[in-house]
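Raw contents of upload.cif, mmCIF, C-alpha atoms and all ligand atoms:
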data_coords
loop_
_atom_site.label_atom_id
_atom_site.label_comp_id
_atom_site.auth_asym_id
_atom_site.auth_seq_id
_atom_site.Cartn_x
_atom_site.Cartn_y
_atom_site.Cartn_z
CA MET A 21 0.00 0.00 0.00
CA ALA A 22 1.58 3.25 -1.07
CA ALA A 23 1.30 6.49 0.84
CA ALA A 24 1.14 9.50 -1.50
CA THR A 25 2.15 12.92 -0.20
CA ARG A 26 0.14 16.08 -0.75
CA THR A 27 -0.22 19.53 0.76
CA ILE A 28 -3.18 19.95 3.17
CA ARG A 29 -4.66 23.40 3.91
CA MET A 30 -4.75 24.05 7.65
CA ALA A 31 -6.22 26.76 9.86
CA PRO A 32 -4.78 30.22 9.02
CA ARG A 33 -2.14 30.25 11.79
CA LEU A 34 -0.75 26.87 10.80
CA ALA A 35 1.52 26.63 7.82
CA ALA A 36 0.56 24.18 5.09
CA ILE A 37 2.40 20.97 5.84
CA SER A 38 3.03 17.78 3.99
CA ARG A 39 1.14 14.82 5.34
CA PRO A 40 1.09 11.28 4.02
CA VAL A 41 -2.32 10.41 2.62
CA VAL A 42 -3.08 6.90 3.75
CA ALA A 43 -4.97 4.62 1.45
CA ARG A 44 -7.98 2.90 3.07
CA GLY A 45 -7.21 -0.29 4.93
CA THR A 46 -4.65 -1.23 7.54
CA PRO A 47 -1.58 1.04 7.44
CA SER A 48 1.74 -0.63 6.82
CA LEU A 49 4.44 -0.75 9.49
CA ALA A 50 6.29 2.01 7.63
CA GLN A 51 3.18 4.20 7.57
CA ARG A 52 2.55 3.66 11.27
CA ALA A 53 6.21 4.39 12.00
CA ALA A 54 5.95 7.63 10.03
CA PHE A 55 3.06 8.78 12.26
CA SER A 56 4.69 7.73 15.50
CA VAL A 57 7.98 9.38 14.57
CA SER A 58 6.26 12.72 14.02
CA ALA A 59 4.28 12.34 17.26
CA GLY A 60 7.50 11.60 19.11
CA ARG A 61 9.16 14.62 17.53
CA PHE A 62 6.36 16.95 18.73
CA LYS A 63 6.61 15.44 22.21
CA SER A 64 10.35 15.96 22.35
CA GLN A 65 9.83 19.66 21.54
CA VAL A 66 8.31 20.15 25.04
CA ILE A 67 11.30 20.76 27.28
CA LYS A 68 10.47 19.80 30.83
CA GLU A 69 12.38 22.09 33.18
CA THR A 70 13.32 21.01 36.68
CA GLU A 71 14.18 24.62 37.48
CA VAL A 72 12.97 27.83 35.88
CA PRO A 73 15.68 30.50 35.46
CA VAL A 74 14.26 33.96 36.22
CA SER A 75 15.65 37.41 35.43
CA VAL A 76 13.93 40.39 37.05
CA TYR A 77 14.56 43.90 35.72
CA ASN A 78 13.52 46.51 38.28
CA PRO A 79 13.97 50.23 37.66
CA ASP A 80 15.24 50.77 41.22
CA SER A 81 17.57 47.76 41.45
CA LYS A 82 21.30 48.22 41.25
CA GLY A 83 22.75 47.85 37.80
CA ALA A 84 19.34 48.27 36.13
CA ALA A 85 20.64 51.17 34.09
CA ALA A 86 23.36 48.94 32.76
CA GLY A 87 20.74 46.29 31.91
CA ASN A 88 21.76 43.97 34.73
CA ALA A 89 19.03 41.84 36.27
CA GLY A 90 18.24 40.15 39.56
CA GLN A 91 18.57 36.47 38.76
CA TYR A 92 17.42 33.32 40.48
CA THR A 93 15.92 29.92 39.70
CA LEU A 94 12.53 28.52 40.71
CA PRO A 95 12.27 24.82 41.54
CA VAL A 96 9.55 23.06 39.50
CA LYS A 97 7.27 20.60 41.26
CA PRO A 98 5.54 17.97 39.12
CA ALA A 99 1.75 18.55 38.85
CA ALA A 100 -0.24 17.17 41.76
CA ARG A 101 -2.06 13.89 41.08
CA ALA A 102 -5.83 13.55 41.47
CA VAL A 103 -6.87 14.21 45.04
CA GLU A 104 -8.39 11.30 46.94
CA PRO A 105 -11.54 12.00 48.97
CA ALA A 106 -10.57 13.28 52.40
CA PRO A 107 -10.64 10.66 55.13
CA GLU A 108 -13.39 11.13 57.66
CA GLU A 109 -12.40 14.00 59.92
CA GLU A 110 -12.98 13.00 63.50
CA GLU A 111 -12.28 16.30 65.18
CA VAL A 112 -15.02 18.96 65.25
CA VAL A 113 -13.76 22.34 66.41
CA PRO A 114 -16.48 24.88 67.26
CA LEU A 115 -15.94 28.51 66.30
CA GLU A 116 -15.12 30.40 69.49
CA ASP A 117 -16.57 33.87 70.05
CA LYS A 118 -13.15 35.47 70.37
CA VAL A 119 -12.03 33.96 67.06
CA TYR A 120 -15.26 35.13 65.38
CA LYS A 121 -14.67 38.67 66.59
CA GLN A 122 -11.19 38.68 65.05
CA MET A 123 -12.42 37.49 61.65
CA PRO A 124 -12.71 39.96 58.75
CA ARG A 125 -16.28 41.04 57.95
CA THR A 126 -16.52 38.86 54.84
CA LEU A 127 -15.62 35.71 56.77
CA GLN A 128 -17.97 36.66 59.60
CA LYS A 129 -20.78 36.85 57.05
CA MET A 130 -19.83 33.41 55.75
CA SER A 131 -20.25 31.88 59.18
CA VAL A 132 -23.46 30.76 60.92
CA HIS A 133 -22.47 32.50 64.12
CA GLY A 134 -25.29 32.53 66.67
CA LYS A 135 -27.76 30.63 64.49
CA VAL A 136 -30.15 27.88 65.60
CA ILE A 137 -30.04 25.10 63.04
CA ILE A 138 -32.35 22.13 62.46
CA ILE A 139 -30.93 19.32 60.33
CA THR A 140 -33.02 16.37 59.22
CA GLY A 141 -31.29 13.13 58.30
CA GLY A 142 -28.48 14.28 60.59
CA ALA A 143 -27.98 10.87 62.17
CA ARG A 144 -25.53 9.85 59.45
CA GLY A 145 -24.18 10.56 56.00
CA LEU A 146 -24.34 13.95 54.35
CA GLY A 147 -26.70 15.41 56.96
CA ASN A 148 -24.43 14.39 59.80
CA HIS A 149 -21.41 16.01 58.17
CA MET A 150 -23.33 19.18 57.40
CA ALA A 151 -24.30 19.29 61.10
CA ARG A 152 -20.62 19.07 62.06
CA ALA A 153 -19.76 21.79 59.57
CA CYS A 154 -22.42 24.09 61.03
CA ALA A 155 -21.00 23.46 64.50
CA GLU A 156 -17.54 24.45 63.24
CA ALA A 157 -18.96 27.50 61.49
CA GLY A 158 -20.43 29.01 64.66
CA ALA A 159 -23.92 27.56 65.21
CA LYS A 160 -25.48 28.48 68.55
CA ALA A 161 -27.40 25.19 68.80
CA ILE A 162 -28.12 22.20 66.58
CA ALA A 163 -31.22 20.01 66.50
CA ILE A 164 -31.01 16.72 64.63
CA PHE A 165 -34.30 15.27 63.37
CA ASP A 166 -34.09 11.66 62.18
CA ALA A 167 -36.17 8.49 62.13
CA ASN A 168 -33.25 6.38 63.34
CA GLN A 169 -33.42 6.56 67.14
CA ALA A 170 -30.15 4.78 68.02
CA LEU A 171 -27.96 6.44 65.42
CA GLY A 172 -29.55 9.86 65.87
CA ASP A 173 -29.06 9.83 69.61
CA GLU A 174 -25.48 8.64 69.26
CA SER A 175 -24.67 11.32 66.67
CA ALA A 176 -26.14 14.11 68.78
CA ALA A 177 -24.27 12.94 71.90
CA GLU A 178 -21.02 12.72 69.92
CA LEU A 179 -21.40 16.18 68.40
CA HIS A 180 -22.14 17.71 71.79
CA GLN A 181 -19.22 15.89 73.38
CA LYS A 182 -16.81 17.05 70.68
CA THR A 183 -17.92 20.67 70.58
CA GLY A 184 -19.57 21.46 73.90
CA LEU A 185 -22.44 23.03 71.90
CA PRO A 186 -26.09 22.46 72.76
CA VAL A 187 -27.16 19.58 70.47
CA SER A 188 -30.45 17.72 70.66
CA PHE A 189 -31.93 14.75 68.88
CA PHE A 190 -35.60 14.39 67.96
CA LYS A 191 -36.80 11.03 66.71
CA VAL A 192 -39.05 12.30 63.99
CA ASP A 193 -40.23 10.76 60.75
CA VAL A 194 -40.38 13.55 58.17
CA ARG A 195 -43.74 12.18 56.96
CA ASP A 196 -45.33 12.89 60.34
CA GLY A 197 -46.55 16.49 60.35
CA ASP A 198 -47.82 16.47 63.96
CA ALA A 199 -44.56 15.08 65.36
CA ILE A 200 -42.59 17.62 63.32
CA ASN A 201 -44.68 20.50 64.70
CA ALA A 202 -44.20 19.30 68.29
CA ALA A 203 -40.44 18.94 67.78
CA VAL A 204 -40.03 22.34 66.09
CA GLN A 205 -42.03 23.97 68.91
CA ASN A 206 -39.67 22.35 71.41
CA VAL A 207 -36.63 23.65 69.52
CA VAL A 208 -38.13 27.16 69.83
CA GLU A 209 -38.53 26.68 73.59
CA LEU A 210 -35.01 25.29 74.03
CA TYR A 211 -32.96 27.61 71.84
CA GLY A 212 -35.27 30.21 70.26
CA ALA A 213 -36.79 30.18 66.76
CA PRO A 214 -34.73 28.35 64.13
CA ASP A 215 -32.64 30.43 61.73
CA VAL A 216 -31.81 27.55 59.40
CA LEU A 217 -33.34 24.28 58.23
CA VAL A 218 -31.19 21.76 56.36
CA ASN A 219 -33.45 19.01 55.05
CA SER A 220 -31.23 16.05 54.23
CA ALA A 221 -33.49 13.14 55.23
CA GLY A 222 -34.23 11.03 52.19
CA ILE A 223 -34.20 7.55 50.75
CA ALA A 224 -33.35 6.11 47.35
CA ASP A 225 -34.66 3.20 45.33
CA SER A 226 -32.75 2.35 42.20
CA ASN A 227 -32.59 -0.36 39.56
CA ILE A 228 -36.35 -0.68 39.49
CA LYS A 229 -38.05 -0.63 36.13
CA ALA A 230 -41.01 1.73 35.86
CA GLU A 231 -43.20 -1.01 34.36
CA THR A 232 -42.78 -3.16 37.49
CA TYR A 233 -42.48 -0.43 40.15
CA ASP A 234 -44.71 -1.25 43.09
CA SER A 235 -47.15 1.64 43.61
CA ALA A 236 -46.93 1.44 47.43
CA MET A 237 -43.13 1.76 47.22
CA PHE A 238 -43.52 4.64 44.80
CA ARG A 239 -45.85 6.47 47.20
CA ARG A 240 -43.53 5.82 50.17
CA LEU A 241 -40.51 7.34 48.46
CA ILE A 242 -42.45 10.39 47.28
CA ASP A 243 -43.82 10.76 50.79
CA ILE A 244 -40.38 10.78 52.44
CA ASN A 245 -38.43 12.77 49.86
CA LEU A 246 -41.04 15.26 48.69
CA THR A 247 -43.84 15.46 51.28
CA GLY A 248 -41.18 15.30 54.02
CA SER A 249 -39.37 18.30 52.50
CA PHE A 250 -42.68 20.18 52.42
CA LEU A 251 -43.77 19.33 55.97
CA MET A 252 -40.37 20.26 57.41
CA SER A 253 -40.27 23.54 55.45
CA GLN A 254 -43.84 24.39 56.43
CA SER A 255 -43.26 23.83 60.13
CA VAL A 256 -39.89 25.60 60.31
CA GLY A 257 -41.14 28.38 58.00
CA ARG A 258 -44.09 29.02 60.32
CA ALA A 259 -41.77 29.22 63.35
CA MET A 260 -39.55 31.72 61.52
CA MET A 261 -42.57 33.80 60.53
CA ALA A 262 -44.02 33.72 64.05
CA ALA A 263 -40.71 35.01 65.44
CA GLY A 264 -40.37 37.59 62.64
CA LYS A 265 -36.93 36.18 61.98
CA PRO A 266 -35.21 35.97 58.61
CA GLY A 267 -34.31 32.40 57.75
CA SER A 268 -32.62 30.07 55.33
CA ILE A 269 -34.09 26.74 54.25
CA ILE A 270 -31.80 24.34 52.42
CA LEU A 271 -33.40 21.36 50.71
CA VAL A 272 -31.09 18.52 49.71
CA ALA A 273 -32.42 17.49 46.31
CA SER A 274 -30.19 15.67 43.79
CA MET A 275 -28.77 16.05 40.31
CA SER A 276 -31.36 13.32 39.58
CA GLY A 277 -33.96 16.09 39.79
CA SER A 278 -32.44 17.65 36.67
CA ILE A 279 -30.99 14.69 34.72
CA VAL A 280 -31.82 11.02 34.23
CA ASN A 281 -29.20 8.74 35.75
CA TYR A 282 -27.43 6.05 33.73
CA PRO A 283 -27.47 3.05 33.65
CA GLN A 284 -29.80 2.37 36.58
CA GLU A 285 -33.53 2.91 36.22
CA GLN A 286 -34.98 4.98 39.07
CA SER A 287 -37.89 7.02 37.79
CA CYS A 288 -39.47 7.48 41.22
CA TYR A 289 -36.34 8.90 42.90
CA ASN A 290 -35.71 11.21 39.97
CA ALA A 291 -39.31 12.44 40.04
CA SER A 292 -39.18 12.97 43.81
CA LYS A 293 -36.06 15.14 43.55
CA ALA A 294 -37.41 17.14 40.60
CA GLY A 295 -40.39 17.81 42.88
CA VAL A 296 -38.08 18.98 45.68
CA ILE A 297 -36.34 21.45 43.33
CA GLN A 298 -39.64 22.89 42.13
CA LEU A 299 -40.97 22.99 45.71
CA GLY A 300 -37.86 24.94 46.73
CA LYS A 301 -38.37 27.49 43.95
CA SER A 302 -42.06 27.90 44.77
CA LEU A 303 -41.43 28.40 48.49
CA ALA A 304 -38.62 30.85 47.70
CA ALA A 305 -41.02 33.00 45.68
CA GLU A 306 -43.81 32.78 48.27
CA TRP A 307 -41.67 33.42 51.33
CA ALA A 308 -39.32 36.13 50.11
CA LYS A 309 -41.74 38.63 51.67
CA HIS A 310 -41.07 36.97 55.04
CA ASN A 311 -37.29 37.20 54.54
CA ILE A 312 -37.09 33.43 54.28
CA ARG A 313 -34.74 32.16 51.61
CA VAL A 314 -35.11 28.67 50.13
CA ASN A 315 -32.38 27.01 48.08
CA CYS A 316 -31.60 23.48 46.94
CA ILE A 317 -28.35 21.55 46.97
CA SER A 318 -28.26 18.94 44.22
CA PRO A 319 -25.43 16.46 44.81
CA GLY A 320 -24.10 14.06 42.23
CA TYR A 321 -22.98 10.58 43.24
CA MET A 322 -21.71 10.68 46.82
CA ASP A 323 -19.75 8.05 48.71
CA THR A 324 -22.23 7.41 51.54
CA ALA A 325 -23.98 4.40 53.06
CA LEU A 326 -26.90 5.12 50.71
CA ASN A 327 -24.68 3.90 47.86
CA ASN A 328 -22.70 1.29 49.80
CA VAL A 329 -24.63 -1.61 48.35
CA PRO A 330 -22.66 -4.44 46.68
CA ALA A 331 -25.23 -4.51 43.88
CA LEU A 332 -24.09 -0.99 42.90
CA ASP A 333 -20.35 -1.78 42.69
CA ALA A 334 -20.32 -2.36 38.94
CA GLN A 335 -22.44 0.72 38.33
CA LYS A 336 -20.15 2.89 40.47
CA LYS A 337 -17.39 2.26 37.93
CA ILE A 338 -19.67 3.59 35.21
CA TRP A 339 -20.68 6.61 37.33
CA LYS A 340 -17.02 7.48 37.92
CA SER A 341 -16.20 7.08 34.25
CA LEU A 342 -18.96 9.59 33.44
CA THR A 343 -17.73 12.10 36.05
CA PRO A 344 -14.96 14.50 34.93
CA GLN A 345 -13.39 14.37 38.41
CA ALA A 346 -13.48 10.53 38.14
CA ARG A 347 -14.64 10.02 41.72
CA LEU A 348 -17.71 9.97 43.91
CA GLY A 349 -18.20 12.92 46.22
CA ALA A 350 -16.79 12.57 49.74
CA VAL A 351 -19.27 12.57 52.59
CA ASP A 352 -18.14 16.08 53.61
CA ASP A 353 -18.13 17.57 50.09
CA LEU A 354 -21.42 19.44 50.67
CA ASN A 355 -20.23 21.11 53.88
CA GLY A 356 -18.90 24.36 52.46
CA LEU A 357 -21.94 24.93 50.26
CA CYS A 358 -24.30 24.15 53.14
CA VAL A 359 -22.61 26.69 55.43
CA PHE A 360 -22.59 29.29 52.67
CA LEU A 361 -26.31 28.86 51.94
CA ALA A 362 -27.10 28.94 55.66
CA SER A 363 -25.01 32.07 56.18
CA ASP A 364 -25.84 35.72 55.54
CA ALA A 365 -23.21 35.73 52.77
CA SER A 366 -25.83 34.17 50.48
CA GLY A 367 -28.41 36.81 51.47
CA PHE A 368 -29.41 37.64 47.86
CA MET A 369 -29.69 33.98 46.88
CA THR A 370 -33.07 32.35 46.90
CA GLY A 371 -34.77 29.81 44.65
CA SER A 372 -31.41 28.51 43.42
CA ASN A 373 -30.60 24.90 42.76
CA VAL A 374 -26.85 24.40 43.14
CA ILE A 375 -25.52 21.26 41.47
CA ILE A 376 -22.39 19.87 43.14
CA ASP A 377 -21.39 16.76 41.24
CA GLY A 378 -17.69 16.67 40.26
CA GLY A 379 -18.80 17.76 36.80
CA TYR A 380 -21.13 14.80 36.07
CA THR A 381 -23.82 16.93 34.47
CA LEU A 382 -21.33 18.60 32.09
CA TYR A 383 -21.34 15.65 29.67
N1 LIG B 401 -25.55 9.70 48.56
C1 LIG B 401 -25.77 10.19 47.34
O1 LIG B 401 -25.17 9.78 46.36
C2 LIG B 401 -26.80 11.27 47.16
C3 LIG B 401 -26.84 11.93 45.92
C4 LIG B 401 -27.77 12.92 45.73
C5 LIG B 401 -28.65 13.26 46.73
N2 LIG B 401 -28.58 12.61 47.92
C6 LIG B 401 -29.57 12.99 48.94
O2 LIG B 401 -28.87 13.41 50.09
C7 LIG B 401 -29.64 13.12 51.24
C8 LIG B 401 -28.80 12.40 52.26
O3 LIG B 401 -28.29 11.22 51.67
P1 LIG B 401 -27.19 10.31 52.39
O4 LIG B 401 -26.37 9.72 51.32
O5 LIG B 401 -26.56 11.04 53.49
O6 LIG B 401 -28.15 9.15 52.95
P2 LIG B 401 -28.07 8.32 54.31
O7 LIG B 401 -28.97 7.14 54.07
O8 LIG B 401 -26.68 8.08 54.72
O9 LIG B 401 -28.74 9.30 55.38
C9 LIG B 401 -30.11 9.62 55.31
C10 LIG B 401 -30.62 9.89 56.71
O10 LIG B 401 -32.02 10.19 56.58
C11 LIG B 401 -32.71 9.48 57.58
N3 LIG B 401 -34.09 9.22 57.14
C12 LIG B 401 -34.50 8.40 56.14
N4 LIG B 401 -35.81 8.40 56.07
C13 LIG B 401 -36.27 9.24 57.03
C14 LIG B 401 -37.56 9.64 57.45
N5 LIG B 401 -38.67 9.15 56.88
N6 LIG B 401 -37.67 10.53 58.46
C15 LIG B 401 -36.56 11.01 59.07
N7 LIG B 401 -35.31 10.63 58.74
C16 LIG B 401 -35.18 9.75 57.73
C17 LIG B 401 -31.94 8.19 57.78
O11 LIG B 401 -32.21 7.59 59.04
C18 LIG B 401 -30.51 8.68 57.64
O12 LIG B 401 -29.96 9.07 58.87
C19 LIG B 401 -30.86 12.33 50.76
O13 LIG B 401 -31.96 13.20 50.63
C20 LIG B 401 -30.42 11.84 49.42
O14 LIG B 401 -31.50 11.60 48.53
C21 LIG B 401 -27.68 11.64 48.16
#
If you took the structure in this file and wrote it as structure tokens, what would it be?
Ligand SMILES: NC(=O)c1ccc[n+]([C@@H]2O[C@H](COP(=O)([O-])OP(=O)(O)OC[C@H]3O[C@@H](n4cnc5c(N)ncnc54)[C@H](O)[C@@H]3O)[C@@H](O)[C@H]2O)c1
Amino acid sequence: MAAATRTIRMAPRLAAISRPVVARGTPSLAQRAAFSVSAGRFKSQVIKETEVPVSVYNPDSKGAAAGNAGQYTLPVKPAARAVEPAPEEEEVVPLEDKVYKQMPRTLQKMSVHGKVIIITGGARGLGNHMARACAEAGAKAIAIFDANQALGDESAAELHQKTGLPVSFFKVDVRDGDAINAAVQNVVELYGAPDVLVNSAGIADSNIKAETYDSAMFRRLIDINLTGSFLMSQSVGRAMMAAGKPGSIILVASMSGSIVNYPQEQSCYNASKAGVIQLGKSLAAEWAKHNIRVNCISPGYMDTALNNVPALDAQKKIWKSLTPQARLGAVDDLNGLCVFLASDASGFMTGSNVIIDGGYTLY
């Protein structure tokens, strides 16, 4: 197979170059060698420095008039490799008043100093880590609402022990409006009206085909993820309004409320989270007049117990391959965004849905 040579027109900035035109079919060894030689040549044109020589010409430095320069070399560090998710941080350090007072105004605004915060689903996972983050960012008191009695109680005791902050646990199912109202009322009596609600309680069903989805299961998931978000927001919103306090409500939705996941089929979960996002926007519009902001956090795939199911192992590889950062989110990857949305620094933000997914939804 012969390889003719002809001139190919390139983009304006590139000179016309001679390229071998390969006949259809498998290229010969010689043809392949020709390509690899040129690729190698381009590679070898990149000179990798271990030190960068620098010359600095300053008008006021000695010898500048004579064109002399200050000279030194910079060591070159190889680029950092992909960062592994942070190991679980055991220590929780509360923000002390004296430290808060020394902080610049911008950082003070980014804290939750003095705020009463209710976090649902705070017994474990993302909710638990957002509770820790709020404690570190200056919360006055934290109330964990969760259906899991043992884990919830343990988490609250641990957070109090580590920080010395007032922390309480309420065994509440987010589907139970009356229990929620009683618990929120008690939070008001204990600490004052809530400033912040973080609604992280939720469940997931996946790998269930729509045509065989059990309707009772479907209703249960919608009830926890969507009705639960509404009942919690309604009760906490009322307490904020009654106290005439501005507030921030953060609903943990999911990127599944905006995209359809692949390859697992999970129509009900996706629909529930789309509902949470639209609920958040609607409440934000309705309650702006009460100075209550409502925003959603939409995580991508996170490395939590929710996804620690052997049946998902093969799919996790696919999820990572479809994520530009090539990893699942760490359990504390929502912390910074949660504190920001809870803080006064996000005062002009309401009705937003912030996707935090390592880039998954870019493709
Ligand atoms: N893990 C992920 O990949 C991921 C991705 C996107 C969104 N999310 C959402 O983030 C939130 C937290 O997820 P996670 O991974 O931390 O899950 P998780 O299962 O580790 O924690 C959820 C918590 O919610 C509590 N809970 C469940 N049902 C409840 C109910 N009816 N009433 C009160 N509490 C209840 C559980 O006891 C648990 O403590 C969920 O809303 C989830 O849909 C998670």
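Across A:Leu271, A:Met130, A:Ala291, A:Val112, the tightest approach to ligand LIG 401 (chain B) is made by A:Leu271 when counting all atoms listed in the file.
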Which protein, DNA or RNA residues have an atom within 9 Å of ligand LIG 401 (chain B), counting all atoms listed in the file, as a count of residues only?
-> 59
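Across the structure, atom CA of Ile200 of chain A and atom CA of Met260 of chain A are spaced 14.5 Å apart.
Compared by their closest atoms to Leu357 of chain A, and using all atoms listed in the file, the residues A:Cys154, A:Ala199, A:Leu217, A:Ile312 rank with A:Cys154 nearest.
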Excluding Pro266 of chain A and residues on its chain fewer than 5 positions from it, collect all residues at most 9 Å away from it, counting only C-alpha atoms, and give them as number ranges by chain.
-> A: 215, 260-261, 310-313
May I have a table of the residues of segment 255-287 of chain A lying at most 10 Å from segment 368-372 of chain A, giving each one's closest pair of atoms and their distance in Å to one decimal, counting only C-alpha atoms, ordered by chain and ascending residue number, as CSV?
residue,atom,partner,partner_atom,distance
A:Ser268,CA,A:Thr370,CA,8.7
A:Ile269,CA,A:Thr370,CA,9.3
A:Ile270,CA,A:Thr370,CA,9.8
Tell me which protein, DNA and RNA residues are within 12 Å of Arg258 of chain A, counting only C-alpha atoms, leaving out same-chain ones fewer than 4 positions away, and put them as a short mmCIF file (atom, residue, chain, number, x, y, z; two decimals) with C-alpha atoms, in the frame of the given file.
data_model
loop_
_atom_site.label_atom_id
_atom_site.label_comp_id
_atom_site.auth_asym_id
_atom_site.auth_seq_id
_atom_site.Cartn_x
_atom_site.Cartn_y
_atom_site.Cartn_z
CA ILE A 200 -42.59 17.62 63.32
CA ASN A 201 -44.68 20.50 64.70
CA VAL A 204 -40.03 22.34 66.09
CA GLN A 205 -42.03 23.97 68.91
CA VAL A 208 -38.13 27.16 69.83
CA ALA A 213 -36.79 30.18 66.76
CA PRO A 214 -34.73 28.35 64.13
CA ASP A 215 -32.64 30.43 61.73
CA LEU A 217 -33.34 24.28 58.23
CA PHE A 250 -42.68 20.18 52.42
CA LEU A 251 -43.77 19.33 55.97
CA MET A 252 -40.37 20.26 57.41
CA SER A 253 -40.27 23.54 55.45
CA GLN A 254 -43.84 24.39 56.43
CA ALA A 262 -44.02 33.72 64.05
CA ALA A 263 -40.71 35.01 65.44
CA GLY A 264 -40.37 37.59 62.64
CA LYS A 265 -36.93 36.18 61.98
CA PRO A 266 -35.21 35.97 58.61
CA GLY A 267 -34.31 32.40 57.75
CA ILE A 269 -34.09 26.74 54.25
CA TRP A 307 -41.67 33.42 51.33
CA HIS A 310 -41.07 36.97 55.04
CA ILE A 312 -37.09 33.43 54.28
#
Point out the residue among A:Val72, A:Leu185, A:Ala163, A:Ala202 with the least atom-to-atom distance to Val136 of chain A, counting only C-alpha atoms.
-> A:Ala163
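The gap separating atom CA of Tyr120 of chain A from atom CA of Ala161 of chain A is 16.1 Å, in Å to one decimal.
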Two-atom distance - atom CA of Ser255 of chain A, atom CA of Ile242 of chain A (Å) = 18.6 Å
